[in-house]
Amino acid sequence: MKILILGSGAREYSIARAILNENAGHELFFMPGNGATSEQGTNLNIKDYDSLAQYAKQNNIELTIVGPEGPLVDGVVDIFKKNGLVIFGPSKAAAQLEGSKVYMKNFLAKYKIPTARYIETSSIEDAFKFSNTLSTPIVVKADGLCGGKGVIIAQTHNEAKVAISEMLSGKSFGDAGKSVIVEEFLDGYELSMFAVCDGDDYILLPAAQDHKRLKDNDEGPNTGGMGAYAPTPLVDEALYQKVRDRVIRPTLDGMNKEGAPFEGVLFIGIMVVNGEPITLEFNVRFGDPECEILMPLMTSSVSDMFLKAATNRLSEIKVEFSKQYAVGVVMASENYPYGSSKPAEIILDDIHHEEIEKYTHISYAGVSKEDGILYADGGRVLVCVGLGDSIKEARDRAYLRCGQVHFAGKKLRTDIAYQAL
Ligand code: AMP
Ligand code: GLY
């Protein structure tokens, strides 16, 4: 198949890698891709979605896969479908599950899906009043997309009020903060669960854990994610079943009732509190770096799963996973997550070790290529992935690979998967 992938991160690289590993002669295109996806296929630079759909038609692209939330919330799926193209991802209407936290919370409440107690409001008085009824910490969330920065965990009532005021006045997030959610803090352990959905049916992937903070021991600022592993032993079959029955099924049925069938990846951010899964939030795409560790665990065809999901035929296939574990360690550039960093040449040691060769690989994100040389170009640069028969083995292998990657200012956590070890 000719397949177009939207996005530029290691998430998209890892999807491409899994598809190419099928050795089925697929030809890949990326919009925009990065300095390493240019080795996997053709990077495009067509920002306008109507023009991109024309390109896809003229070049007989048979399947488009959307990585990040931005194009989904902007309605790229609707535009491609209007042009008769097959595309994997939710419509603009269904992408509201991520694009608006107010929509998401009200949806959860309407369909009785367990979530943190909350108020949704644009009134500063109401927000203050509700926050006074909560004990600290208090969670304050901007309604719209804020590049992962729109959630404040306030340690005091006063801090909560400052966050509420700054959001509602437009000071912190502009229009995205015009409405806020104020909610109770849930104390438990966090999971990332992913259901690949076709509107009616779904495939639940092995549960993963992300590491959002920049530094070891979950210290430092929040990031997009500094590492992940799967499957996590923190989830047993009973918990998977609760998530199926209490979250995924009612969400698919509810979205159908709302007239916005959910096709695409339903990413459920879960807090497990006293053994019960509570939905923190939805995203409508794969997590990054979670995708990078889930893709290599899939032993059945990844491209076929996306194709069947995009054409409402998931019930026709069986998706299979390896019995192994995967651990991914993110390497970020010097100034991440605060700002950009000077491009730094990436030097990769030659691999002489069979174990590293066989059980590890790299998925690339913030990299550019000039004259055949790969540069770290800011943000999260790459993810070293290790596979193994235990989490420890996978983790040790991922870190062995990290030791063979060099660039000025490289930053990584040394404790990925600690919760499982
Ligand atoms: P979000 O942007 O909604 O993913 O939130 C970012 C992070 O904030 C989540 O991954 C959680 O770690 C944390 N968080 C969000 N809501 C809550 C809550 N009600 N209780 C505790 N932590 C939360
Ligand atoms: N790793 C979390 C996210 O992609 O939002």
# chains A, B, ... in the order shown; residues from 1 in each chain; ligands from 1
$ residues_around --residues "A:Val76" --least-positions-apart "4" --cutoff "9 Å" --atoms "only C-alpha atoms" --output "list in words"
Tyr49, Asp50, Ala53, Val66, Pro71, Leu72, Phe80, Lys81, Gly89, Ser91 and Lys92 of chain A
$ residues_around --residues "A:Tyr359" --least-positions-apart "5" --cutoff "9 Å" --atoms "only C-alpha atoms" --output "ChimeraX atom specification"
/A:354,385-388,394,397-398
$ write_last_selection --atoms "C-alpha atoms" --output "PDB file, in the first residue's frame"
ATOM      1  CA  GLU A 354      24.412  -9.073  19.064  1.00  0.00           C
ATOM      2  CA  VAL A 385      13.697   1.073  22.806  1.00  0.00           C
ATOM      3  CA  GLY A 386      14.680  -2.230  24.371  1.00  0.00           C
ATOM      4  CA  LEU A 387      12.749  -5.482  24.181  1.00  0.00           C
ATOM      5  CA  GLY A 388      13.096  -8.382  26.599  1.00  0.00           C
ATOM      6  CA  ALA A 394      14.046  -4.719  28.296  1.00  0.00           C
ATOM      7  CA  ARG A 397      18.833  -3.213  26.927  1.00  0.00           C
ATOM      8  CA  ALA A 398      17.220   0.186  26.306  1.00  0.00           C
TER       9      ALA A 398
END
$ residues_near_ligand --ligand "ligand 2" --cutoff "12 Å" --atoms "only C-alpha atoms and all ligand atoms" --output "VMD selection string"
chain A and resid 9 to 12 67 to 69 98 145 to 150 190 to 194 208 to 213 222 to 229 265 to 270 281 to 293 328 330 380
$ residues_near_ligand --ligand "ligand 1" --cutoff "6 Å" --atoms "only C-alpha atoms and all ligand atoms" --output "VMD selection string"
chain A and resid 116 139 148 151 183 to 186 280 to 281
$ select_by_dssp --residues "stretch 36-109 of chain A" --states "strand (DSSP E)" --output "PyMOL selection string"
chain A and resi 42-43+63-66+87-88
$ closest_residue --among "A:Cys384, A:Leu108, A:Val319, A:Ile347" --to "A:Val247" --atoms "only C-alpha atoms"
A:Leu108
$ atom_distance --atom1 "atom CA of A:Asp187" --atom2 "atom CA of A:Ala94"
29.0 Å
$ residues_around --residues "A:Asn335" --least-positions-apart "3" --cutoff "8 Å" --atoms "only C-alpha atoms" --output "PDB file with C-alpha atoms, in the first residue's frame"
ATOM      1  CA  TYR A 338      11.678  25.163  28.276  1.00  0.00           C
ATOM      2  CA  GLY A 339      12.931  26.218  24.866  1.00  0.00           C
ATOM      3  CA  SER A 340      14.764  25.349  21.697  1.00  0.00           C
ATOM      4  CA  SER A 341      18.351  24.143  21.654  1.00  0.00           C
ATOM      5  CA  GLY A 378      15.500  20.473  19.936  1.00  0.00           C
ATOM      6  CA  GLY A 379      12.669  19.003  21.987  1.00  0.00           C
TER       7      GLY A 379
END
$ residues_around --residues "A:Arg313" --least-positions-apart "5" --cutoff "10 Å" --atoms "only C-alpha atoms" --output "PDB file with N, CA and C atoms, in the first residue's frame"
ATOM      1  N   CYS A 197     -10.072   2.034  17.590  1.00  0.00           N
ATOM      2  CA  CYS A 197     -11.528   1.935  17.423  1.00  0.00           C
ATOM      3  C   CYS A 197     -11.938   2.148  15.965  1.00  0.00           C
ATOM      4  N   ASP A 198     -13.039   1.486  15.587  1.00  0.00           N
ATOM      5  CA  ASP A 198     -13.553   1.715  14.222  1.00  0.00           C
ATOM      6  C   ASP A 198     -14.958   2.315  14.251  1.00  0.00           C
ATOM      7  N   GLY A 199     -15.351   2.860  15.387  1.00  0.00           N
ATOM      8  CA  GLY A 199     -16.685   3.441  15.511  1.00  0.00           C
ATOM      9  C   GLY A 199     -17.604   2.527  16.302  1.00  0.00           C
ATOM     10  N   ASP A 200     -17.460   1.202  16.099  1.00  0.00           N
ATOM     11  CA  ASP A 200     -18.293   0.226  16.807  1.00  0.00           C
ATOM     12  C   ASP A 200     -17.462  -0.751  17.621  1.00  0.00           C
ATOM     13  N   ASP A 201     -16.402  -1.254  17.002  1.00  0.00           N
ATOM     14  CA  ASP A 201     -15.554  -2.248  17.659  1.00  0.00           C
ATOM     15  C   ASP A 201     -14.219  -1.623  18.035  1.00  0.00           C
ATOM     16  N   TYR A 202     -13.484  -2.351  18.859  1.00  0.00           N
ATOM     17  CA  TYR A 202     -12.183  -1.810  19.256  1.00  0.00           C
ATOM     18  C   TYR A 202     -11.231  -2.935  19.612  1.00  0.00           C
ATOM     19  N   MET A 305      -4.278  -3.380  10.639  1.00  0.00           N
ATOM     20  CA  MET A 305      -5.112  -2.931  11.762  1.00  0.00           C
ATOM     21  C   MET A 305      -5.631  -1.510  11.501  1.00  0.00           C
ATOM     22  N   PHE A 306      -4.734  -0.626  11.036  1.00  0.00           N
ATOM     23  CA  PHE A 306      -5.164   0.752  10.775  1.00  0.00           C
ATOM     24  C   PHE A 306      -6.163   0.797   9.617  1.00  0.00           C
ATOM     25  N   LEU A 307      -5.897  -0.008   8.606  1.00  0.00           N
ATOM     26  CA  LEU A 307      -6.800  -0.023   7.446  1.00  0.00           C
ATOM     27  C   LEU A 307      -8.188  -0.529   7.849  1.00  0.00           C
ATOM     28  N   LYS A 308      -8.217  -1.623   8.614  1.00  0.00           N
ATOM     29  CA  LYS A 308      -9.509  -2.187   9.020  1.00  0.00           C
ATOM     30  C   LYS A 308     -10.239  -1.220   9.960  1.00  0.00           C
TER      31      LYS A 308
END
$ select_by_dssp --residues "stretch 251-376 of chain A" --states "alpha helix (DSSP H)" --output "list in words"
Thr251, Leu252, Asp253, Gly254, Met255, Asn256, Lys257, Glu290, Cys291, Glu292, Ile293, Leu294, Val302, Ser303, Asp304, Met305, Phe306, Leu307, Lys308, Ala309, Ala310, Glu354, Glu355, Ile356, Glu357, Lys358 and Tyr359 of chain A
$ write_last_selection --atoms "C-alpha atoms" --output "PDB file, in the first residue's frame"
ATOM      1  CA  THR A 251     -17.641   5.820  25.197  1.00  0.00           C
ATOM      2  CA  LEU A 252     -18.132   4.150  21.814  1.00  0.00           C
ATOM      3  CA  ASP A 253     -21.882   3.800  22.405  1.00  0.00           C
ATOM      4  CA  GLY A 254     -22.118   7.362  23.731  1.00  0.00           C
ATOM      5  CA  MET A 255     -20.238   8.857  20.789  1.00  0.00           C
ATOM      6  CA  ASN A 256     -22.597   7.032  18.435  1.00  0.00           C
ATOM      7  CA  LYS A 257     -25.544   8.546  20.292  1.00  0.00           C
ATOM      8  CA  GLU A 290       3.812   5.107  24.464  1.00  0.00           C
ATOM      9  CA  CYS A 291       3.354   4.405  20.756  1.00  0.00           C
ATOM     10  CA  GLU A 292       7.074   3.767  20.379  1.00  0.00           C
ATOM     11  CA  ILE A 293       6.907   0.821  22.785  1.00  0.00           C
ATOM     12  CA  LEU A 294       3.535  -0.555  21.674  1.00  0.00           C
ATOM     13  CA  VAL A 302      -0.016  -2.914  11.925  1.00  0.00           C
ATOM     14  CA  SER A 303      -0.974  -1.476   8.546  1.00  0.00           C
ATOM     15  CA  ASP A 304      -3.892  -3.889   8.286  1.00  0.00           C
ATOM     16  CA  MET A 305      -5.112  -2.931  11.762  1.00  0.00           C
ATOM     17  CA  PHE A 306      -5.164   0.752  10.775  1.00  0.00           C
ATOM     18  CA  LEU A 307      -6.800  -0.023   7.446  1.00  0.00           C
ATOM     19  CA  LYS A 308      -9.509  -2.187   9.020  1.00  0.00           C
ATOM     20  CA  ALA A 309     -10.130   0.401  11.743  1.00  0.00           C
ATOM     21  CA  ALA A 310     -10.449   3.148   9.141  1.00  0.00           C
ATOM     22  CA  GLU A 354      24.412  -9.073  19.064  1.00  0.00           C
ATOM     23  CA  GLU A 355      22.054  -8.459  21.971  1.00  0.00           C
ATOM     24  CA  ILE A 356      21.875  -4.729  21.229  1.00  0.00           C
ATOM     25  CA  GLU A 357      21.513  -5.327  17.522  1.00  0.00           C
ATOM     26  CA  LYS A 358      18.690  -7.804  17.980  1.00  0.00           C
ATOM     27  CA  TYR A 359      16.719  -6.389  20.894  1.00  0.00           C
TER      28      TYR A 359
END
$ closest_residue --among "A:Lys105, A:Phe321, A:His361, A:Gly259" --to "A:Thr299" --atoms "only C-alpha atoms"
A:Phe321
$ atom_distance --atom1 "atom CA of A:Leu382" --atom2 "atom CA of A:Ile362"
6.7 Å
$ atom_distance --atom1 "atom CA of A:Thr232" --atom2 "atom CA of A:Ala420"
6.8 Å
$ residues_around --residues "A:Glu276" --least-positions-apart "3" --cutoff "9 Å" --atoms "only C-alpha atoms" --output "list in words"
Leu239, Lys242, Met271, Val272 and Val273 of chain A
$ residues_around --residues "A:Ala36" --least-positions-apart "4" --cutoff "8 Å" --atoms "only C-alpha atoms" --output "list in words"
Tyr13, Gln40, Tyr364, Ala365, Val367, Ser368, Lys369 and Leu374 of chain A
$ residues_around --residues "A:Pro233" --least-positions-apart "2" --cutoff "9 Å" --atoms "only C-alpha atoms" --output "PyMOL selection string"
chain A and resi 207+230-231+235-236+420
$ write_last_selection --atoms "N, CA and C atoms" --output "mmCIF file, in the first residue's frame"
data_model
loop_
_atom_site.group_PDB
_atom_site.id
_atom_site.type_symbol
_atom_site.label_atom_id
_atom_site.label_comp_id
_atom_site.auth_asym_id
_atom_site.auth_seq_id
_atom_site.Cartn_x
_atom_site.Cartn_y
_atom_site.Cartn_z
ATOM 1 N N ALA A 207 -1.530 -2.287 28.395
ATOM 2 C CA ALA A 207 -1.465 -1.026 29.160
ATOM 3 C C ALA A 207 -0.014 -0.591 29.348
ATOM 4 N N ALA A 230 5.711 -1.140 28.577
ATOM 5 C CA ALA A 230 4.477 -1.932 28.459
ATOM 6 C C ALA A 230 4.870 -3.382 28.223
ATOM 7 N N PRO A 231 3.990 -4.321 28.528
ATOM 8 C CA PRO A 231 2.794 -4.116 29.339
ATOM 9 C C PRO A 231 3.177 -3.933 30.802
ATOM 10 N N VAL A 235 -1.518 -3.873 35.864
ATOM 11 C CA VAL A 235 -2.877 -4.119 35.369
ATOM 12 C C VAL A 235 -3.111 -5.616 35.247
ATOM 13 N N ASP A 236 -4.168 -6.092 35.888
ATOM 14 C CA ASP A 236 -4.520 -7.500 35.716
ATOM 15 C C ASP A 236 -5.786 -7.588 34.863
ATOM 16 N N ALA A 420 7.578 -0.603 38.018
ATOM 17 C CA ALA A 420 7.360 -2.030 37.782
ATOM 18 C C ALA A 420 8.514 -2.875 38.304
#
$ closest_residue --among "A:Glu393, A:Asp143, A:Glu159, A:Glu345" --to "A:Ala176" --atoms "only C-alpha atoms"
A:Asp143
